[in-house]
$ cat query_7.txt   # compact mmCIF, C-alpha atoms
# COMPACT_ATOMS: atom_id res chain seq x y z
CA MET A 1 136.95 -53.84 -92.84
CA ARG A 2 136.32 -57.54 -92.30
CA ALA A 3 137.71 -59.95 -94.87
CA SER A 4 135.08 -61.84 -96.83
CA GLY A 5 134.75 -65.58 -96.44
CA PRO A 6 132.81 -68.18 -94.46
CA ALA A 7 131.50 -67.20 -91.02
CA ARG A 8 133.81 -67.87 -88.09
CA THR A 9 133.18 -71.06 -86.16
CA PRO A 10 131.65 -70.15 -82.80
CA THR A 11 133.99 -71.09 -79.96
CA THR A 12 131.43 -70.94 -77.16
CA TRP A 13 128.22 -72.84 -76.80
CA PRO A 14 125.00 -70.83 -76.67
CA ALA A 15 123.60 -70.24 -73.20
CA ARG A 16 120.39 -72.15 -72.49
CA ARG A 17 117.69 -70.46 -70.49
CA ASP A 18 115.27 -73.38 -70.31
CA GLY A 19 116.23 -74.62 -66.85
CA TRP A 20 117.90 -77.67 -68.32
CA TRP A 21 119.87 -78.41 -65.20
CA TRP A 22 116.88 -78.64 -62.86
CA ARG A 23 115.20 -81.44 -64.80
CA HIS A 24 117.86 -84.09 -64.24
CA ARG A 25 118.92 -85.32 -60.80
CA ARG A 26 122.64 -85.46 -61.44
CA SER A 27 122.91 -82.12 -63.20
CA ARG A 28 120.70 -80.59 -60.49
CA ALA A 29 123.08 -81.88 -57.79
CA TYR A 30 126.07 -80.63 -59.81
CA VAL A 31 124.70 -77.10 -60.21
CA LEU A 32 123.51 -76.90 -56.59
CA PHE A 33 127.02 -77.94 -55.56
CA GLY A 34 128.37 -75.06 -57.62
CA LEU A 35 125.88 -72.61 -56.17
CA GLY A 36 126.87 -73.80 -52.68
CA SER A 37 130.06 -71.87 -53.20
CA LEU A 38 127.96 -68.72 -52.69
CA VAL A 39 127.34 -69.88 -49.12
CA VAL A 40 131.05 -70.60 -48.72
CA MET A 41 131.97 -67.08 -49.81
CA ALA A 42 129.24 -65.57 -47.64
CA GLU A 43 130.41 -67.36 -44.51
CA ALA A 44 134.02 -66.44 -45.26
CA ALA A 45 132.82 -62.83 -45.40
CA VAL A 46 131.07 -63.23 -42.03
CA LEU A 47 134.27 -64.67 -40.57
CA LEU A 48 136.20 -61.73 -42.00
CA ALA A 49 133.71 -59.32 -40.41
CA GLY A 50 134.21 -61.10 -37.08
CA LEU A 51 137.96 -60.93 -37.47
CA TRP A 52 137.79 -57.23 -38.20
CA ALA A 53 135.52 -56.65 -35.20
CA LEU A 54 137.90 -58.64 -33.00
CA GLY A 55 140.75 -56.38 -34.02
CA GLY A 56 138.65 -53.33 -33.23
CA GLY A 57 138.36 -54.01 -29.51
CA ALA A 58 136.00 -55.61 -27.03
CA GLU A 59 133.05 -53.35 -27.80
CA ARG A 60 133.18 -54.07 -31.53
CA TRP A 61 133.47 -57.79 -30.85
CA GLU A 62 130.46 -57.78 -28.49
CA GLY A 63 128.52 -55.79 -31.09
CA PHE A 64 129.38 -58.38 -33.73
CA LEU A 65 128.19 -61.21 -31.48
CA ALA A 66 125.01 -59.30 -30.68
CA ARG A 67 124.25 -58.88 -34.41
CA LEU A 68 124.75 -62.60 -34.95
CA GLY A 69 122.26 -63.25 -32.16
CA GLU A 70 119.39 -61.61 -34.03
CA PRO A 71 116.71 -63.96 -35.46
CA VAL A 72 117.45 -63.52 -39.18
CA PRO A 73 121.22 -64.13 -38.93
CA ARG A 74 120.58 -67.14 -36.70
CA LEU A 75 118.21 -68.67 -39.23
CA LEU A 76 120.63 -67.94 -42.06
CA HIS A 77 123.42 -69.60 -40.13
CA VAL A 78 121.37 -72.74 -39.61
CA LEU A 79 120.75 -72.88 -43.37
CA ALA A 80 124.40 -72.10 -44.04
CA PHE A 81 125.50 -74.91 -41.74
CA LEU A 82 123.36 -77.41 -43.64
CA ALA A 83 124.64 -76.10 -46.96
CA LEU A 84 128.29 -76.24 -45.83
CA THR A 85 127.83 -79.78 -44.53
CA ALA A 86 126.40 -80.90 -47.87
CA TYR A 87 129.14 -79.03 -49.73
CA GLY A 88 131.87 -80.65 -47.66
CA ALA A 89 130.30 -84.11 -47.84
CA ARG A 90 130.09 -83.99 -51.64
CA PHE A 91 133.68 -82.79 -51.91
CA LEU A 92 134.96 -85.55 -49.64
CA ARG A 93 133.00 -88.11 -51.63
CA LEU A 94 134.51 -86.87 -54.89
CA PHE A 95 138.06 -86.16 -53.70
CA PRO A 96 139.36 -89.75 -53.61
CA LYS A 97 138.30 -90.23 -57.23
CA THR A 98 140.46 -87.29 -58.28
CA GLN A 99 143.62 -88.85 -56.91
CA THR A 100 145.87 -90.45 -59.48
CA PRO A 101 145.57 -94.27 -59.38
CA ARG A 102 149.32 -94.74 -59.55
CA LEU A 103 152.33 -92.55 -58.80
CA SER A 104 155.21 -92.93 -61.21
CA LEU A 105 157.65 -90.71 -59.34
CA PRO A 106 161.26 -91.93 -59.13
CA GLY A 107 162.36 -92.89 -55.65
CA VAL A 108 158.87 -93.79 -54.43
CA PRO A 109 158.77 -97.41 -53.15
CA GLU A 110 156.55 -99.73 -55.14
CA ARG A 111 154.17 -100.39 -52.23
CA LEU A 112 153.42 -96.66 -51.98
CA ARG A 113 152.83 -96.12 -55.68
CA LYS A 114 149.31 -97.48 -55.86
CA ARG A 115 146.41 -95.38 -54.57
CA PRO A 116 144.68 -96.91 -51.53
CA PRO A 117 141.18 -98.30 -52.15
CA LEU A 118 138.66 -95.51 -52.63
CA GLY A 119 136.63 -96.70 -49.67
CA ALA A 120 139.66 -96.53 -47.37
CA LEU A 121 140.56 -93.06 -48.60
CA ALA A 122 137.01 -91.86 -48.11
CA ALA A 123 136.82 -93.36 -44.61
CA ALA A 124 140.09 -91.65 -43.64
CA LEU A 125 138.83 -88.34 -45.00
CA TYR A 126 135.50 -88.58 -43.18
CA ALA A 127 137.26 -89.50 -39.94
CA THR A 128 139.59 -86.52 -40.33
CA TRP A 129 136.57 -84.32 -41.12
CA LEU A 130 134.81 -85.39 -37.94
CA GLY A 131 138.00 -85.00 -35.90
CA ALA A 132 138.62 -81.51 -37.26
CA TRP A 133 135.05 -80.48 -36.47
CA LEU A 134 135.29 -81.82 -32.93
CA LEU A 135 138.65 -80.16 -32.32
CA ALA A 136 137.69 -76.78 -33.79
CA SER A 137 134.31 -76.73 -32.05
CA SER A 138 135.87 -77.73 -28.73
CA VAL A 139 138.46 -74.98 -28.93
CA LEU A 140 135.96 -72.32 -30.05
CA SER A 141 133.33 -73.26 -27.47
CA GLY A 142 135.78 -73.32 -24.59
CA ALA A 143 135.63 -77.05 -23.94
CA LEU A 144 139.31 -77.17 -24.85
CA GLY A 145 141.92 -74.42 -24.42
CA MET B 146 141.72 -60.75 -70.92
CA ARG B 147 140.48 -64.22 -71.84
CA ARG B 148 144.03 -65.42 -72.36
CA TRP B 149 145.10 -63.95 -69.02
CA ILE B 150 142.21 -65.64 -67.23
CA HIS B 151 143.16 -68.99 -68.74
CA SER B 152 146.85 -68.52 -68.03
CA ILE B 153 146.34 -68.03 -64.28
CA ASP B 154 144.04 -71.05 -64.01
CA PRO B 155 146.77 -73.48 -62.85
CA LEU B 156 147.72 -71.03 -60.08
CA LEU B 157 144.14 -71.14 -58.85
CA TRP B 158 143.77 -74.92 -58.79
CA PRO B 159 145.69 -75.37 -55.50
CA LEU B 160 143.69 -72.53 -53.94
CA PHE B 161 140.49 -74.16 -55.20
CA GLY B 162 141.46 -77.52 -53.73
CA LEU B 163 142.72 -76.20 -50.42
CA GLY B 164 139.66 -73.98 -50.24
CA PHE B 165 137.48 -77.08 -50.28
CA PHE B 166 139.32 -78.41 -47.23
CA ALA B 167 139.05 -75.06 -45.45
CA ALA B 168 135.36 -74.77 -46.30
CA ALA B 169 134.64 -78.32 -45.17
CA PHE B 170 136.85 -78.47 -42.08
CA LEU B 171 137.01 -74.94 -40.67
CA LEU B 172 133.89 -73.00 -41.63
CA PRO B 173 131.20 -75.35 -40.23
CA PRO B 174 132.60 -75.31 -36.65
CA TRP B 175 132.72 -71.51 -36.82
CA VAL B 176 129.09 -71.38 -37.98
CA ALA B 177 128.00 -73.99 -35.46
CA VAL B 178 129.62 -72.32 -32.46
CA VAL B 179 129.49 -68.59 -33.21
CA GLY B 180 126.42 -68.55 -35.44
CA ILE B 181 124.19 -71.15 -33.80
CA ALA B 182 125.26 -72.47 -30.39
CA TYR B 183 126.35 -69.22 -28.75
CA PRO B 184 123.31 -67.14 -29.81
CA ALA B 185 121.05 -70.01 -28.68
CA GLY B 186 122.58 -69.84 -25.19
CA TRP B 187 124.00 -73.37 -25.33
CA LEU B 188 127.45 -72.16 -24.36
CA ASP B 189 128.86 -70.37 -21.36
CA GLU B 190 129.03 -66.58 -21.71
CA SER B 191 132.78 -66.69 -21.22
CA ALA B 192 133.32 -69.08 -24.16
CA LEU B 193 133.42 -66.22 -26.65
CA ALA B 194 134.62 -63.51 -24.29
CA TYR B 195 136.81 -60.96 -26.03
CA GLU B 196 139.96 -61.70 -23.98
CA ARG B 197 139.75 -65.41 -24.61
CA VAL B 198 138.98 -65.19 -28.32
CA HIS B 199 141.55 -62.46 -28.89
CA GLY B 200 144.15 -64.54 -27.09
CA LEU B 201 143.44 -67.53 -29.31
CA ALA B 202 143.23 -65.52 -32.52
CA SER B 203 146.33 -63.40 -31.97
CA SER B 204 148.64 -66.39 -31.50
CA LEU B 205 150.74 -67.32 -34.54
CA PRO B 206 148.81 -70.50 -35.35
CA GLY B 207 145.56 -68.61 -34.73
CA ARG B 208 146.45 -65.85 -37.17
CA ALA B 209 147.55 -68.34 -39.82
CA LEU B 210 144.44 -70.45 -39.42
CA LEU B 211 142.09 -67.48 -39.50
CA ALA B 212 143.75 -65.96 -42.55
CA ALA B 213 143.50 -69.34 -44.30
CA SER B 214 139.88 -69.77 -43.20
CA VAL B 215 138.95 -66.55 -44.95
CA ALA B 216 141.19 -66.51 -48.00
CA LEU B 217 140.98 -70.13 -49.12
CA PRO B 218 137.17 -70.41 -49.12
CA LEU B 219 136.98 -67.11 -51.00
CA TRP B 220 139.23 -68.44 -53.76
CA ASN B 221 137.42 -71.76 -53.77
CA GLY B 222 134.07 -70.01 -54.03
CA ALA B 223 135.25 -67.64 -56.75
CA TYR B 224 136.68 -70.43 -58.90
CA HIS B 225 133.73 -72.74 -58.39
CA LEU B 226 131.16 -70.01 -58.96
CA ARG B 227 132.92 -68.91 -62.11
CA HIS B 228 132.63 -72.40 -63.59
CA THR B 229 129.02 -72.71 -62.49
CA ALA B 230 128.34 -69.36 -64.19
CA MET B 231 129.92 -70.71 -67.36
CA ASP B 232 127.59 -73.71 -67.21
CA LEU B 233 124.48 -71.63 -66.61
CA LEU B 234 125.17 -68.40 -68.49
CA GLY B 235 127.48 -69.62 -71.25
CA GLN B 236 131.17 -69.04 -71.78
CA GLY B 237 130.69 -65.69 -73.48
CA ARG B 238 130.18 -63.86 -70.18
CA ASP B 239 133.32 -65.34 -68.62
CA VAL B 240 135.42 -62.29 -69.56
CA LEU B 241 133.17 -60.30 -67.23
CA VAL B 242 132.37 -62.87 -64.52
CA ALA B 243 135.87 -64.21 -63.90
CA PRO B 244 137.64 -60.88 -63.20
CA ILE B 245 134.84 -59.78 -60.88
CA LEU B 246 134.89 -63.00 -58.86
CA TYR B 247 138.68 -63.17 -58.68
CA ALA B 248 138.85 -59.49 -57.69
CA VAL B 249 136.42 -60.19 -54.84
CA ALA B 250 138.57 -63.10 -53.68
CA ALA B 251 141.77 -61.08 -53.95
CA LEU B 252 140.28 -58.13 -52.09
CA GLY B 253 138.87 -60.37 -49.36
CA SER B 254 142.22 -62.11 -48.97
CA ALA B 255 144.04 -58.79 -48.71
CA ILE B 256 141.59 -57.52 -46.09
CA ALA B 257 142.01 -60.79 -44.18
CA MET B 258 145.80 -60.28 -44.08
CA VAL B 259 145.27 -56.78 -42.69
CA ALA B 260 142.67 -58.05 -40.22
CA VAL B 261 144.96 -60.73 -38.77
CA ALA B 262 147.87 -58.29 -38.66
CA ARG B 263 145.89 -55.79 -36.59
CA LEU B 264 144.78 -58.35 -33.99

$ encode --input "query_7.txt" --output "structure tokens"
Amino acid sequence: MRASGPARTPTTWPARRDGWWWRHRRSRAYVLFGLGSLVVMAEAAVLLAGLWALGGGAERWEGFLARLGEPVPRLLHVLAFLALTAYGARFLRLFPKTQTPRLSLPGVPERLRKRPPLGALAAALYATWLGAWLLASSVLSGALG
Amino acid sequence: MRRWIHSIDPLLWPLFGLGFFAAAFLLPPWVAVVGIAYPAGWLDESALAYERVHGLASSLPGRALLAASVALPLWNGAYHLRHTAMDLLGQGRDVLVAPILYAVAALGSAIAMVAVARL
């Protein structure tokens, strides 16, 4: 039996179903960024399927590649590539801002305590991003290794 | 359940962060080469021949990279999607959404470990 008294304070906010997030540019970008994680999980699942096929022998692997060659998967992969690029670009733009402006760890020299300028951090990240893409694509496509 | 979900949150932050790097750095080349370039005929037939790909994947760095390329994006996606669901559907459903998403990520990671072990 519940004790009498004032009603409990709600601890969660009520869900809004009025499409609030679509109407404002920044909240739209924020939610689309979140929904991009669906594409991330989907492509991770495709990679897992490929990995499983690879472990199953040459025939399974060729079958996996043949399925990826069909029109619908090809189109979905083009869309997924665009979504992953946008997802990665937004993350790399945001990541420098999440780094602490100053490290107060003992033993760290003073010149290394301050965070580099955000622009420099971002440039280094984008350069690494491009380098990783080139390296991974070269190895996968047979241009390297 | 809610307390348990909140208590494991700090364990998931590194997976979330590393998952962003894996999703940004490793997944797009995979999609570009295996999903777009090879089916379009832009690459030599031998580029994705079984012997070559199996040789690359079954090396120690290959296994580690592939396992990370599956597991980390799954955890990143699960964590990110959970928070997006909280924004869109309200916090009340989190006791249902969070365990489902994290179970998917855990299952996918476990299958990935088995998959790289059987290469």

$ closest_residue --input "query_7.txt" --among "A:Ala49, A:Ala44, A:Leu32, A:Val72" --to "chain B" --atoms "all atoms listed in the file"
A:Ala44

$ closest_atom_pairs --input "query_7.txt" --of "chain B" --to "chain A" --cutoff "7 Å" --atoms "all atoms listed in the file" --output "CSV"
residue,atom,partner,partner_atom,distance
B:Ala168,CA,A:Val40,CA,6.5
B:Ala169,CA,A:Gly88,CA,4.4
B:Phe170,CA,A:Trp129,CA,5.9
B:Pro173,CA,A:Phe81,CA,5.9
B:Pro174,CA,A:Ser137,CA,5.1
B:Val176,CA,A:Phe81,CA,6.3
B:Ala177,CA,A:Phe81,CA,6.8
B:Val178,CA,A:Ser141,CA,6.3
B:Gly180,CA,A:His77,CA,5.7
B:Ile181,CA,A:Arg74,CA,6.1
B:Pro184,CA,A:Gly69,CA,4.7
B:Leu188,CA,A:Ser141,CA,6.7
B:Ala192,CA,A:Gly142,CA,4.9
B:Tyr195,CA,A:Ala58,CA,5.5
B:His199,CA,A:Leu54,CA,6.7
B:Val215,CA,A:Ala44,CA,4.9
B:Pro218,CA,A:Val40,CA,6.1
B:Leu219,CA,A:Met41,CA,5.1
B:Gly222,CA,A:Ser37,CA,4.5
B:His225,CA,A:Gly34,CA,5.9
B:Leu226,CA,A:Gly34,CA,5.9
B:Thr229,CA,A:Gly34,CA,5.4
B:Leu233,CA,A:Ala15,CA,6.8
B:Leu234,CA,A:Ala15,CA,5.3
B:Gly235,CA,A:Ala15,CA,4.4
B:Gln236,CA,A:Thr12,CA,5.7
B:Gly237,CA,A:Thr12,CA,6.5
B:Ala257,CA,A:Leu48,CA,6.3
B:Ala260,CA,A:Trp52,CA,5.3
B:Arg263,CA,A:Gly55,CA,5.8
B:Leu264,CA,A:Gly55,CA,4.5

$ atom_distance --input "query_7.txt" --atom1 "atom CA of B:Gly207" --atom2 "atom CA of B:Val261"
8.9 Å

$ atom_distance --input "query_7.txt" --atom1 "atom CA of B:Ile150" --atom2 "atom CA of B:Phe165"
21.0 Å

$ residues_around --input "query_7.txt" --residues "B:His151" --least-positions-apart "6" --cutoff "12 Å" --atoms "all atoms listed in the file" --output "count of residues only"
7

$ atom_distance --input "query_7.txt" --atom1 "atom CA of B:Ser191" --atom2 "atom CA of B:Ala216"
28.1 Å

$ residues_near_point --input "query_7.txt" --point "(142.2, -96.7, -51.1)" --cutoff "12 Å" --atoms "only C-alpha atoms" --output "list in words"
Phe95, Pro96, Lys97, Thr98, Gln99, Thr100, Pro101, Arg102, Leu112, Arg113, Lys114, Arg115, Pro116, Pro117, Leu118, Gly119, Ala120, Leu121, Ala122, Ala123, Ala124 and Leu125 of chain A
